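> This is model19.tsv, which holds TSV, C-alpha atoms:
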chain	number	residue	atom	x	y	z
A	1	MET	CA	-153.46	-136.32	-116.77
A	2	LYS	CA	-152.19	-136.84	-120.29
A	3	LYS	CA	-153.42	-133.38	-121.18
A	4	THR	CA	-151.50	-131.80	-118.30
A	5	VAL	CA	-148.32	-133.50	-119.47
A	6	ILE	CA	-148.84	-132.24	-123.00
A	7	ILE	CA	-149.57	-128.74	-121.83
A	8	THR	CA	-146.55	-128.75	-119.52
A	9	LEU	CA	-144.32	-130.05	-122.33
A	10	ALA	CA	-145.73	-127.48	-124.72
A	11	MET	CA	-144.99	-124.76	-122.18
A	12	ILE	CA	-141.45	-125.96	-121.63
A	13	PHE	CA	-140.81	-126.06	-125.36
A	14	SER	CA	-142.45	-122.74	-126.04
A	15	THR	CA	-140.47	-120.97	-123.32
A	16	GLY	CA	-137.40	-122.71	-124.71
A	17	MET	CA	-138.28	-121.25	-128.08
A	18	ILE	CA	-138.58	-117.77	-126.68
A	19	PHE	CA	-135.79	-117.70	-124.17
A	20	GLY	CA	-133.35	-120.25	-125.51
A	21	GLN	CA	-132.97	-118.43	-128.77
A	22	ARG	CA	-130.47	-115.84	-127.83
A	23	TYR	CA	-126.89	-116.10	-126.71
A	24	PHE	CA	-124.88	-113.26	-125.30
A	25	THR	CA	-121.80	-112.13	-123.44
A	26	LYS	CA	-120.69	-109.01	-121.66
A	27	ALA	CA	-117.06	-110.12	-121.56
A	28	GLY	CA	-116.14	-110.18	-125.22
A	29	LYS	CA	-112.44	-109.85	-125.84
A	30	VAL	CA	-111.17	-107.57	-128.58
A	31	SER	CA	-107.53	-106.87	-129.22
A	32	PHE	CA	-105.86	-105.08	-132.06
A	33	LEU	CA	-102.35	-104.91	-133.37
A	34	SER	CA	-100.73	-102.19	-135.39
A	35	ASP	CA	-97.56	-103.69	-136.79
A	36	ALA	CA	-95.62	-100.79	-138.31
A	37	SER	CA	-91.97	-100.58	-139.31
A	38	VAL	CA	-90.93	-98.57	-136.24
A	39	GLU	CA	-93.03	-100.19	-133.52
A	40	LYS	CA	-95.79	-102.61	-132.65
A	41	ILE	CA	-98.78	-101.27	-130.76
A	42	GLU	CA	-101.28	-103.56	-129.09
A	43	ALA	CA	-104.36	-102.94	-126.99
A	44	THR	CA	-107.05	-105.11	-125.49
A	45	THR	CA	-110.46	-104.84	-123.92
A	46	ASN	CA	-112.47	-107.57	-122.20
A	47	THR	CA	-115.78	-105.78	-121.87
A	48	GLY	CA	-117.30	-106.11	-125.34
A	49	THR	CA	-120.93	-107.17	-125.62
A	50	CYS	CA	-122.25	-109.65	-128.17
A	51	VAL	CA	-125.78	-110.88	-128.82
A	52	LEU	CA	-126.44	-113.74	-131.22
A	53	ASP	CA	-129.93	-114.75	-132.26
A	54	ALA	CA	-129.78	-118.51	-132.66
A	55	SER	CA	-132.85	-118.78	-134.87
A	56	SER	CA	-131.86	-116.21	-137.49
A	57	GLY	CA	-128.08	-115.94	-137.17
A	58	LYS	CA	-128.28	-112.21	-136.58
A	59	ILE	CA	-125.35	-110.96	-134.56
A	60	GLU	CA	-124.48	-107.69	-132.85
A	61	PHE	CA	-121.23	-106.73	-131.25
A	62	ALA	CA	-120.29	-103.55	-129.44
A	63	VAL	CA	-117.20	-102.31	-127.67
A	64	LEU	CA	-116.33	-99.15	-125.77
A	65	ILE	CA	-113.31	-97.46	-127.34
A	66	LYS	CA	-112.18	-96.01	-124.01
A	67	SER	CA	-112.04	-99.49	-122.48
A	68	PHE	CA	-109.00	-100.48	-124.58
A	69	GLN	CA	-105.91	-100.79	-122.41
A	70	PHE	CA	-102.48	-100.07	-123.84
A	71	GLU	CA	-99.08	-100.79	-122.42
A	72	LYS	CA	-98.08	-97.15	-122.75
A	73	ALA	CA	-100.29	-94.46	-121.26
A	74	LEU	CA	-99.24	-91.92	-123.87
A	75	MET	CA	-100.36	-94.17	-126.73
A	76	GLN	CA	-103.70	-94.76	-125.04
A	77	GLU	CA	-104.10	-90.99	-124.75
A	78	HIS	CA	-103.26	-90.35	-128.40
A	79	PHE	CA	-105.49	-93.24	-129.50
A	80	ASN	CA	-108.48	-91.80	-127.64
A	81	GLU	CA	-107.94	-88.10	-128.14
A	82	ASN	CA	-106.33	-87.75	-131.56
A	83	TYR	CA	-107.14	-90.81	-133.65
A	84	MET	CA	-110.38	-92.40	-132.46
A	85	GLU	CA	-111.85	-89.23	-130.90
A	86	SER	CA	-113.55	-91.52	-128.42
A	87	SER	CA	-115.33	-88.71	-126.59
A	88	LYS	CA	-117.21	-87.96	-129.80
A	89	PHE	CA	-117.45	-91.59	-130.94
A	90	PRO	CA	-117.48	-93.76	-127.79
A	91	LYS	CA	-118.36	-97.10	-129.42
A	92	GLY	CA	-117.34	-99.49	-132.11
A	93	VAL	CA	-120.31	-101.52	-133.33
A	94	PHE	CA	-120.86	-104.42	-135.71
A	95	LYS	CA	-124.37	-105.40	-136.77
A	96	GLY	CA	-124.83	-108.23	-139.16
A	97	GLN	CA	-125.82	-111.67	-140.12
A	98	ILE	CA	-124.02	-115.01	-140.28
A	99	ARG	CA	-124.26	-116.29	-143.85
A	100	ASP	CA	-125.80	-119.75	-144.36
A	101	TRP	CA	-126.77	-119.84	-140.72
A	102	SER	CA	-128.76	-123.07	-141.19
A	103	LYS	CA	-125.46	-124.93	-141.68
A	104	ILE	CA	-124.36	-124.06	-138.15
A	105	ASP	CA	-125.99	-126.14	-135.45
A	106	LEU	CA	-125.35	-124.65	-132.01
A	107	SER	CA	-127.02	-127.60	-130.35
A	108	LYS	CA	-124.32	-129.96	-131.63
A	109	ASP	CA	-120.74	-129.93	-130.39
A	110	GLY	CA	-118.19	-129.21	-133.07
A	111	THR	CA	-116.47	-126.43	-134.97
A	112	TYR	CA	-118.10	-124.48	-137.75
A	113	LYS	CA	-116.66	-122.00	-140.22
A	114	GLY	CA	-118.90	-119.08	-140.98
A	115	THR	CA	-118.91	-115.60	-142.43
A	116	ALA	CA	-120.48	-112.55	-140.87
A	117	THR	CA	-121.65	-109.84	-143.23
A	118	GLY	CA	-122.90	-106.51	-142.03
A	119	SER	CA	-122.00	-102.98	-141.07
A	120	LEU	CA	-119.02	-102.00	-138.97
A	121	THR	CA	-119.08	-98.58	-137.36
A	122	ILE	CA	-115.85	-97.11	-136.04
A	123	HIS	CA	-115.00	-93.44	-135.52
A	124	GLY	CA	-118.51	-92.51	-136.64
A	125	GLU	CA	-117.99	-94.08	-140.08
A	126	THR	CA	-120.00	-97.09	-141.22
A	127	LYS	CA	-118.74	-99.58	-143.77
A	128	GLU	CA	-120.10	-102.87	-145.08
A	129	VAL	CA	-117.72	-105.68	-144.17
A	130	GLU	CA	-117.36	-109.42	-144.51
A	131	VAL	CA	-115.63	-111.17	-141.65
A	132	PRO	CA	-114.80	-114.86	-141.30
A	133	VAL	CA	-116.05	-116.23	-137.99
A	134	ASN	CA	-115.20	-119.57	-136.44
A	135	PHE	CA	-117.82	-121.04	-134.15
A	136	LYS	CA	-117.07	-123.72	-131.66
A	137	VAL	CA	-119.63	-125.56	-129.57
A	138	LYS	CA	-118.34	-127.43	-126.56
A	139	ASN	CA	-120.65	-129.09	-124.06
A	140	GLY	CA	-123.50	-127.20	-125.64
A	141	THR	CA	-121.86	-123.79	-125.07
A	142	PRO	CA	-120.97	-121.79	-128.16
A	143	SER	CA	-117.98	-119.53	-128.59
A	144	ALA	CA	-116.86	-117.55	-131.60
A	145	GLU	CA	-113.63	-116.11	-132.90
A	146	ALA	CA	-112.96	-113.68	-135.68
A	147	ALA	CA	-109.80	-112.14	-137.08
A	148	PHE	CA	-109.85	-109.43	-139.68
A	149	SER	CA	-108.10	-106.29	-140.76
A	150	VAL	CA	-109.31	-102.73	-140.91
A	151	ALA	CA	-107.87	-99.95	-143.07
A	152	LEU	CA	-107.70	-96.78	-140.98
A	153	ALA	CA	-108.39	-94.64	-144.07
A	154	ASP	CA	-111.78	-96.38	-144.56
A	155	TYR	CA	-112.92	-95.01	-141.21
A	156	LYS	CA	-111.39	-91.55	-141.67
A	157	ILE	CA	-108.88	-92.16	-138.91
A	158	GLU	CA	-106.10	-89.74	-139.72
A	159	ILE	CA	-102.55	-90.36	-138.69
A	160	PRO	CA	-100.24	-87.33	-138.76
A	161	ALA	CA	-97.23	-87.61	-141.08
A	162	VAL	CA	-94.80	-87.35	-138.12
A	163	VAL	CA	-95.90	-90.74	-136.76
A	164	ALA	CA	-96.81	-92.33	-140.10
A	165	ASP	CA	-94.04	-94.92	-139.68
A	166	ASN	CA	-95.17	-95.76	-136.15
A	167	ILE	CA	-98.73	-96.72	-136.97
A	168	ALA	CA	-99.78	-99.32	-139.52
A	169	LYS	CA	-102.21	-98.34	-142.27
A	170	ASN	CA	-104.06	-101.61	-141.70
A	171	VAL	CA	-104.74	-102.73	-138.17
A	172	SER	CA	-105.50	-106.36	-137.43
A	173	ILE	CA	-108.32	-107.06	-135.01
A	174	ASP	CA	-109.02	-110.22	-133.04
A	175	VAL	CA	-112.39	-110.88	-131.48
A	176	SER	CA	-113.20	-113.74	-129.16
A	177	VAL	CA	-116.46	-114.37	-127.31
A	178	ASP	CA	-117.77	-117.12	-125.06
A	179	LEU	CA	-121.53	-117.02	-125.33
A	180	GLN	CA	-124.18	-117.90	-122.80
A	181	PRO	CA	-127.89	-118.45	-123.26
A	182	LEU	CA	-129.81	-115.29	-122.45
A	183	SER	CA	-132.16	-116.37	-119.71
A	184	LYS	CA	-133.54	-113.05	-118.59
B	1	MET	CA	-70.42	-70.02	-132.76
B	2	LYS	CA	-69.13	-72.69	-130.43
B	3	LYS	CA	-71.43	-71.37	-127.74
B	4	ALA	CA	-74.47	-71.69	-130.00
B	5	LEU	CA	-73.52	-75.29	-130.71
B	6	VAL	CA	-73.27	-76.06	-127.01
B	7	ILE	CA	-76.66	-74.50	-126.36
B	8	ILE	CA	-78.28	-76.44	-129.21
B	9	LEU	CA	-76.71	-79.64	-127.98
B	10	ALA	CA	-77.89	-78.99	-124.42
B	11	LEU	CA	-81.41	-78.26	-125.65
B	12	ALA	CA	-81.42	-81.47	-127.67
B	13	VAL	CA	-80.36	-83.50	-124.64
B	14	VAL	CA	-82.99	-81.87	-122.42
B	15	GLY	CA	-85.63	-82.23	-125.14
B	16	GLY	CA	-84.72	-85.86	-125.67
B	17	PHE	CA	-84.93	-86.50	-121.94
B	18	PHE	CA	-88.39	-84.98	-121.64
B	19	GLY	CA	-89.50	-86.68	-124.85
B	20	TYR	CA	-88.40	-90.01	-123.47
B	21	ARG	CA	-90.11	-89.30	-120.14
B	22	MET	CA	-93.31	-88.36	-121.98
B	23	TYR	CA	-93.12	-91.51	-124.12
B	24	ASN	CA	-92.81	-93.65	-121.03
B	25	LYS	CA	-95.30	-91.69	-118.98
B	26	PRO	CA	-96.88	-94.14	-116.53
B	27	HIS	CA	-100.57	-94.96	-116.37
B	28	LYS	CA	-102.59	-93.15	-113.73
B	29	ASP	CA	-102.01	-94.55	-110.25
B	30	MET	CA	-105.55	-95.62	-109.43
B	31	THR	CA	-104.88	-96.37	-105.77
B	32	ALA	CA	-103.71	-92.82	-105.18
B	33	ALA	CA	-106.18	-91.15	-107.55
B	34	GLU	CA	-108.80	-88.86	-106.01
B	35	SER	CA	-112.38	-89.56	-107.10
B	36	ASP	CA	-113.78	-86.82	-109.33
B	37	LEU	CA	-117.37	-87.92	-108.80
B	38	LYS	CA	-119.24	-90.10	-106.31
B	39	VAL	CA	-122.43	-91.83	-107.31
B	40	SER	CA	-124.58	-94.87	-106.51
B	41	ALA	CA	-124.80	-97.69	-109.08
B	42	GLU	CA	-128.53	-96.95	-109.55
B	43	ASP	CA	-127.97	-93.27	-110.28
B	44	LEU	CA	-125.03	-93.97	-112.58
B	45	LEU	CA	-126.98	-96.46	-114.70
B	46	SER	CA	-130.10	-94.30	-114.84
B	47	SER	CA	-128.18	-91.24	-115.99
B	48	PHE	CA	-126.79	-93.29	-118.90
B	49	GLU	CA	-130.22	-94.77	-119.65
B	50	ASN	CA	-131.90	-91.38	-119.61
B	51	ASP	CA	-129.39	-89.31	-121.56
B	52	GLU	CA	-126.39	-91.23	-122.80
B	53	ALA	CA	-124.66	-88.32	-124.55
B	54	ASN	CA	-124.91	-86.16	-121.47
B	55	ALA	CA	-123.72	-88.97	-119.18
B	56	ASN	CA	-120.77	-89.71	-121.49
B	57	GLU	CA	-119.81	-86.08	-121.19
B	58	LYS	CA	-120.18	-86.08	-117.43
B	59	TYR	CA	-118.58	-89.38	-116.45
B	60	ASN	CA	-116.26	-90.68	-119.18
B	61	ASP	CA	-112.52	-90.51	-118.42
B	62	LYS	CA	-113.31	-89.36	-114.88
B	63	VAL	CA	-112.33	-91.25	-111.76
B	64	VAL	CA	-115.80	-92.27	-110.61
B	65	GLU	CA	-116.50	-93.75	-107.21
B	66	VAL	CA	-119.52	-96.00	-107.47
B	67	SER	CA	-121.25	-97.83	-104.64
B	68	GLY	CA	-123.73	-100.68	-104.71
B	69	THR	CA	-124.31	-104.33	-103.88
B	70	VAL	CA	-122.39	-107.12	-105.58
B	71	ALA	CA	-124.64	-108.84	-108.14
B	72	ASP	CA	-122.02	-110.91	-109.97
B	73	VAL	CA	-118.30	-111.64	-109.92
B	74	SER	CA	-116.48	-113.16	-112.86
B	75	LYS	CA	-112.92	-113.94	-113.82
B	76	ASP	CA	-111.76	-114.39	-117.38
B	77	GLU	CA	-108.90	-116.41	-118.83
B	78	ASP	CA	-106.64	-113.35	-118.90
B	79	GLY	CA	-106.96	-113.02	-115.13
B	80	ASN	CA	-109.28	-110.03	-115.12
B	81	THR	CA	-111.78	-109.84	-112.30
B	82	LYS	CA	-115.07	-108.10	-112.96
B	83	VAL	CA	-117.58	-107.16	-110.32
B	84	THR	CA	-121.08	-106.23	-111.44
B	85	LEU	CA	-122.97	-103.93	-109.10
B	86	ASP	CA	-126.73	-104.15	-108.90
B	87	ALA	CA	-128.44	-101.03	-110.21
B	88	GLY	CA	-132.05	-102.08	-109.65
B	89	ASP	CA	-132.44	-103.15	-113.29
B	90	PRO	CA	-132.50	-106.84	-114.30
B	91	LEU	CA	-130.88	-106.15	-117.67
B	92	GLY	CA	-128.10	-103.76	-116.82
B	93	GLY	CA	-125.79	-102.89	-113.98
B	94	VAL	CA	-122.42	-101.30	-113.40
B	95	ILE	CA	-119.44	-103.45	-114.37
B	96	CYS	CA	-116.24	-102.68	-112.49
B	97	GLN	CA	-113.17	-104.31	-114.01
B	98	LEU	CA	-110.40	-104.45	-111.44
B	99	ASP	CA	-107.12	-102.76	-112.33
B	100	ASN	CA	-104.27	-105.03	-113.43
B	101	LEU	CA	-101.65	-102.48	-112.43
B	102	SER	CA	-102.79	-102.03	-108.81
B	103	ASP	CA	-102.52	-104.26	-105.78
B	104	HIS	CA	-105.85	-105.38	-104.40
B	105	LYS	CA	-106.65	-106.24	-100.80
B	106	ARG	CA	-109.00	-108.94	-102.02
B	107	LEU	CA	-110.35	-110.44	-105.21
B	108	GLU	CA	-113.33	-112.24	-103.70
B	109	PHE	CA	-116.56	-110.34	-103.27
B	110	PRO	CA	-119.53	-112.14	-101.72
B	111	LEU	CA	-122.79	-111.61	-103.59
B	112	GLY	CA	-125.05	-109.11	-101.90
B	113	GLU	CA	-122.28	-107.31	-100.04
B	114	LYS	CA	-122.21	-103.52	-100.18
B	115	VAL	CA	-119.02	-102.30	-101.83
B	116	ALA	CA	-117.55	-99.21	-103.44
B	117	PHE	CA	-115.05	-99.00	-106.27
B	118	LYS	CA	-113.31	-96.13	-107.95
B	119	GLY	CA	-112.38	-96.51	-111.58
B	120	LEU	CA	-112.32	-94.85	-114.98
B	121	CYS	CA	-115.73	-94.64	-116.61
B	122	THR	CA	-115.64	-95.74	-120.27
B	123	GLY	CA	-119.31	-95.54	-121.24
B	124	TYR	CA	-122.46	-97.62	-121.59
B	125	LEU	CA	-123.30	-100.74	-123.58
B	126	MET	CA	-125.75	-103.02	-121.73
B	127	ASP	CA	-124.11	-101.87	-118.52
B	128	VAL	CA	-122.04	-98.91	-117.49
B	129	VAL	CA	-118.42	-100.05	-117.73
B	130	LEU	CA	-115.67	-98.86	-115.41
B	131	VAL	CA	-112.11	-100.05	-116.00
B	132	ARG	CA	-108.98	-99.95	-113.80
B	133	CYS	CA	-111.07	-100.16	-110.63
B	134	VAL	CA	-109.79	-100.40	-107.06
B	135	GLU	CA	-111.94	-101.00	-104.02
B	136	VAL	CA	-112.64	-98.02	-101.78
B	137	GLN	CA	-112.64	-98.96	-98.11
Show how you would write the structure in this file as structure tokens.

Amino acid sequence: MKKTVIITLAMIFSTGMIFGQRYFTKAGKVSFLSDASVEKIEATTNTGTCVLDASSGKIEFAVLIKSFQFEKALMQEHFNENYMESSKFPKGVFKGQIRDWSKIDLSKDGTYKGTATGSLTIHGETKEVEVPVNFKVKNGTPSAEAAFSVALADYKIEIPAVVADNIAKNVSIDVSVDLQPLSK
Amino acid sequence: MKKALVIILALAVVGGFFGYRMYNKPHKDMTAAESDLKVSAEDLLSSFENDEANANEKYNDKVVEVSGTVADVSKDEDGNTKVTLDAGDPLGGVICQLDNLSDHKRLEFPLGEKVAFKGLCTGYLMDVVLVRCVEVQ
């Protein structure tokens, strides 16, 4: 009897170890803002994916460039066809690691400041980046937010001189994800 | 001389008008849009799983009509409704994000019901993602 209980408990814990380790979302929100002297351009997508490994602090984030929605159709067209070349480079991807992961306890409610370091790939160019990430755990469910800036030149995104005053050289990016335990 | 000036002025006005029209060009009317391709959720997902580059080429930016059974419905804080169609794979499906610029007959989709949406295909992450979807009756 006692043995059965122990075995059952061991099984529950071991499956917890295997399956409770990862958090994910398929509804990650990413928006960016180009705040140039002539105009402000914003776009948003709500279909980013994020997977966080709770034991190691490894994190991956991906977004489809064509899923960004703009207010103006023409800007969306230029963004996809001329600047991001999204048919050639359909995704933006971050792969990295949360620094000092052991200091963040996803099993305890609270807010935690962290830093993600890793590689960011946009427009087919990969750069090492460091991004501050704020984690929040509420009722045992983690969410994360990050705000950072990207220099278009770093990713070989060329803006023609004619519209140089319309598009900022540095674009600010906001990322927000509500994570769920991966149970499959 | 005066005539040339008038012509230049007229051209500038016409050019400005078309420029302005271009600048404010509306987004595609998804309700009225004809589907470029029709496909089942299973076939759509498997073509991306088998050859993503080829599937990107074939489906992205096209108005794709996809049919399948409702596996999940979610709403986010920005008011977007997303319907995930079952594609016979436990890990991936076809996500159809409903269009914010169109009117929808309904926003509730019972799980397991057979439905069809047309939307713009944007590519493949864990699922194939279609944005600006409207239901096809």
> Within 7 Å of segment 43-52 of chain B, counting all atoms listed in the file, which residues qualify if same-chain residues fewer than 3 places away don't, as JSON, numbers by chain?
{"B": [39, 40, 55, 56, 87, 93, 94, 124, 128]}
> Using all atoms listed in the file, which residues of chain A come within 12 Å of chain B, and what is the closest atom pair for each, with the distance in Å to one decimal? Give it as JSON lines, sorted by chain and residue number.

{"residue": "A:Phe24", "atom": "CA", "partner": "B:Met126", "partner_atom": "CA", "distance": 10.9}
{"residue": "A:Thr25", "atom": "CA", "partner": "B:Met126", "partner_atom": "CA", "distance": 10.1}
{"residue": "A:Lys26", "atom": "CA", "partner": "B:Met126", "partner_atom": "CA", "distance": 7.8}
{"residue": "A:Ala27", "atom": "CA", "partner": "B:Asp76", "partner_atom": "CA", "distance": 8.0}
{"residue": "A:Gly28", "atom": "CA", "partner": "B:Asp76", "partner_atom": "CA", "distance": 9.9}
{"residue": "A:Lys29", "atom": "CA", "partner": "B:Asp76", "partner_atom": "CA", "distance": 9.6}
{"residue": "A:Thr44", "atom": "CA", "partner": "B:Asp78", "partner_atom": "CA", "distance": 10.6}
{"residue": "A:Thr45", "atom": "CA", "partner": "B:Val131", "partner_atom": "CA", "distance": 9.4}
{"residue": "A:Asn46", "atom": "CA", "partner": "B:Asn80", "partner_atom": "CA", "distance": 8.1}
{"residue": "A:Thr47", "atom": "CA", "partner": "B:Val129", "partner_atom": "CA", "distance": 7.5}
{"residue": "A:Gly48", "atom": "CA", "partner": "B:Leu125", "partner_atom": "CA", "distance": 8.2}
{"residue": "A:Thr49", "atom": "CA", "partner": "B:Leu125", "partner_atom": "CA", "distance": 7.2}
{"residue": "A:Cys50", "atom": "CA", "partner": "B:Met126", "partner_atom": "CA", "distance": 9.9}
{"residue": "A:Val51", "atom": "CA", "partner": "B:Met126", "partner_atom": "CA", "distance": 10.6}
{"residue": "A:Glu60", "atom": "CA", "partner": "B:Leu125", "partner_atom": "CA", "distance": 11.6}
{"residue": "A:Phe61", "atom": "CA", "partner": "B:Leu125", "partner_atom": "CA", "distance": 9.9}
{"residue": "A:Ala62", "atom": "CA", "partner": "B:Leu125", "partner_atom": "CA", "distance": 7.2}
{"residue": "A:Val63", "atom": "CA", "partner": "B:Leu125", "partner_atom": "CA", "distance": 7.5}
{"residue": "A:Leu64", "atom": "CA", "partner": "B:Thr122", "partner_atom": "CA", "distance": 6.5}
{"residue": "A:Ile65", "atom": "CA", "partner": "B:Thr122", "partner_atom": "CA", "distance": 7.6}
{"residue": "A:Lys66", "atom": "CA", "partner": "B:Thr122", "partner_atom": "CA", "distance": 5.1}
{"residue": "A:Ser67", "atom": "CA", "partner": "B:Thr122", "partner_atom": "CA", "distance": 5.6}
{"residue": "A:Phe68", "atom": "CA", "partner": "B:Val131", "partner_atom": "CA", "distance": 9.1}
{"residue": "A:Gln69", "atom": "CA", "partner": "B:Val131", "partner_atom": "CA", "distance": 8.9}
{"residue": "A:Phe70", "atom": "CA", "partner": "B:His27", "partner_atom": "CA", "distance": 9.2}
{"residue": "A:Glu71", "atom": "CA", "partner": "B:His27", "partner_atom": "CA", "distance": 8.5}
{"residue": "A:Lys72", "atom": "CA", "partner": "B:Asn24", "partner_atom": "CA", "distance": 6.6}
{"residue": "A:Ala73", "atom": "CA", "partner": "B:His27", "partner_atom": "CA", "distance": 4.9}
{"residue": "A:Leu74", "atom": "CA", "partner": "B:Tyr23", "partner_atom": "CA", "distance": 6.1}
{"residue": "A:Met75", "atom": "CA", "partner": "B:Tyr23", "partner_atom": "CA", "distance": 8.1}
{"residue": "A:Gln76", "atom": "CA", "partner": "B:His27", "partner_atom": "CA", "distance": 9.2}
{"residue": "A:Glu77", "atom": "CA", "partner": "B:His27", "partner_atom": "CA", "distance": 9.9}
{"residue": "A:His78", "atom": "CA", "partner": "B:Tyr23", "partner_atom": "CA", "distance": 11.1}
{"residue": "A:Asn80", "atom": "CA", "partner": "B:Asp61", "partner_atom": "CA", "distance": 10.1}
{"residue": "A:Glu81", "atom": "CA", "partner": "B:Asp61", "partner_atom": "CA", "distance": 11.0}
{"residue": "A:Ser86", "atom": "CA", "partner": "B:Thr122", "partner_atom": "CA", "distance": 9.4}
{"residue": "A:Ser87", "atom": "CA", "partner": "B:Glu57", "partner_atom": "CA", "distance": 7.5}
{"residue": "A:Lys88", "atom": "CA", "partner": "B:Ala53", "partner_atom": "CA", "distance": 9.1}
{"residue": "A:Phe89", "atom": "CA", "partner": "B:Ala53", "partner_atom": "CA", "distance": 10.2}
{"residue": "A:Pro90", "atom": "CA", "partner": "B:Gly123", "partner_atom": "CA", "distance": 7.0}
{"residue": "A:Lys91", "atom": "CA", "partner": "B:Gly123", "partner_atom": "CA", "distance": 8.4}
{"residue": "A:Gly92", "atom": "CA", "partner": "B:Leu125", "partner_atom": "CA", "distance": 10.5}
{"residue": "A:Val93", "atom": "CA", "partner": "B:Leu125", "partner_atom": "CA", "distance": 10.2}
{"residue": "A:Ser176", "atom": "CA", "partner": "B:Glu77", "partner_atom": "CA", "distance": 11.5}
{"residue": "A:Val177", "atom": "CA", "partner": "B:Asp76", "partner_atom": "CA", "distance": 11.0}
{"residue": "A:Asp178", "atom": "CA", "partner": "B:Asp76", "partner_atom": "CA", "distance": 10.1}
{"residue": "A:Leu182", "atom": "CA", "partner": "B:Leu91", "partner_atom": "CA", "distance": 10.4}
{"residue": "A:Ser183", "atom": "CA", "partner": "B:Leu91", "partner_atom": "CA", "distance": 10.5}
{"residue": "A:Lys184", "atom": "CA", "partner": "B:Leu91", "partner_atom": "CA", "distance": 7.5}
> Report as an MDAnalysis selection string all protein, DNA and RNA residues lying within 10 Å of Pro110 of chain B, evaluated on all atoms listed in the file, omitting residues in the same chain fewer than 6 positions from it.
chainID B and resid 69:73
> So which residues touch Glu158 of chain A within 9 Å, counting all atoms listed in the file, skipping near sequence neighbours fewer than 6 positions away, as a list in words?
Asn82, Tyr83, Met84 and Leu152 of chain A
> Restrict the selected residues to C-alpha atoms and save them as a PDB file, in the coordinates of the input.

ATOM      1  CA  ASN A  82    -106.330 -87.750-131.560  1.00  0.00           C
ATOM      2  CA  TYR A  83    -107.140 -90.810-133.650  1.00  0.00           C
ATOM      3  CA  MET A  84    -110.380 -92.400-132.460  1.00  0.00           C
ATOM      4  CA  LEU A 152    -107.700 -96.780-140.980  1.00  0.00           C
TER       5      LEU A 152
END
> Enter the distance from atom CA of Arg22 of chain A to atom CA of Ser143 of chain A, in Å, rounded to one decimal.
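Here the two named atoms are 13.0 Å from each other.
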> Hey, which of A:Tyr112, A:Phe148, A:Tyr155, A:Phe94 ends up closest to Leu52 of chain A? Count only C-alpha atoms.
A:Phe94
> Return the single residue from A:Lys169, A:Lys127, A:Lys40, A:Lys58 that is closest to Thr115 of chain A, with distances computed using all atoms listed in the file.
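Smallest separation from Thr115 of chain A among the options: A:Lys58.
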> So how far away is atom CA of His123 of chain A from atom CA of Cys133 of chain B, in Å?
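Interatomic distance, atom CA of Cys133 of chain B to atom CA of His123 of chain A: 26.1 Å.
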> Excluding same-chain residues fewer than 2 positions from Ser67 of chain B, what lies within 8 Å of it counting all atoms listed in the file, as a list in words?
Val39, Ser40, Ala41, Glu65, Thr69, Leu85, Lys114, Val115, Ala116 and Phe117 of chain B
> Can you tell me how far atom CA of Thr126 of chain A sits from atom CA of Ala161 of chain A, in Å to one decimal?
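Here the two named atoms are 24.7 Å from each other.
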> Some atoms are absent from segment 111-121 of chain B, so rebuild N, CA and C atoms and return them as a tab-separated table (two decimals), keeping the file's coordinate frame.

chain	number	residue	atom	x	y	z
B	111	LEU	N	-121.60	-112.20	-102.99
B	111	LEU	CA	-122.79	-111.61	-103.59
B	111	LEU	C	-123.64	-110.95	-102.52
B	112	GLY	N	-124.17	-109.80	-102.83
B	112	GLY	CA	-125.05	-109.11	-101.90
B	112	GLY	C	-124.34	-108.15	-100.97
B	113	GLU	N	-123.00	-108.22	-100.93
B	113	GLU	CA	-122.28	-107.31	-100.04
B	113	GLU	C	-122.26	-105.89	-100.62
B	114	LYS	N	-122.30	-104.91	-99.73
B	114	LYS	CA	-122.21	-103.52	-100.18
B	114	LYS	C	-120.74	-103.16	-100.38
B	115	VAL	N	-120.41	-102.67	-101.55
B	115	VAL	CA	-119.02	-102.30	-101.83
B	115	VAL	C	-118.97	-100.98	-102.58
B	116	ALA	N	-117.77	-100.41	-102.64
B	116	ALA	CA	-117.55	-99.21	-103.44
B	116	ALA	C	-116.23	-99.36	-104.20
B	117	PHE	N	-116.25	-98.98	-105.46
B	117	PHE	CA	-115.05	-99.00	-106.27
B	117	PHE	C	-114.84	-97.62	-106.89
B	118	LYS	N	-113.56	-97.29	-107.09
B	118	LYS	CA	-113.31	-96.13	-107.95
B	118	LYS	C	-112.58	-96.63	-109.19
B	119	GLY	N	-112.97	-96.09	-110.33
B	119	GLY	CA	-112.38	-96.51	-111.58
B	119	GLY	C	-112.66	-95.49	-112.67
B	120	LEU	N	-112.13	-95.76	-113.87
B	120	LEU	CA	-112.32	-94.85	-114.98
B	120	LEU	C	-113.57	-95.27	-115.76
B	121	CYS	N	-114.49	-94.35	-115.90
B	121	CYS	CA	-115.73	-94.64	-116.61
B	121	CYS	C	-115.45	-94.60	-118.12
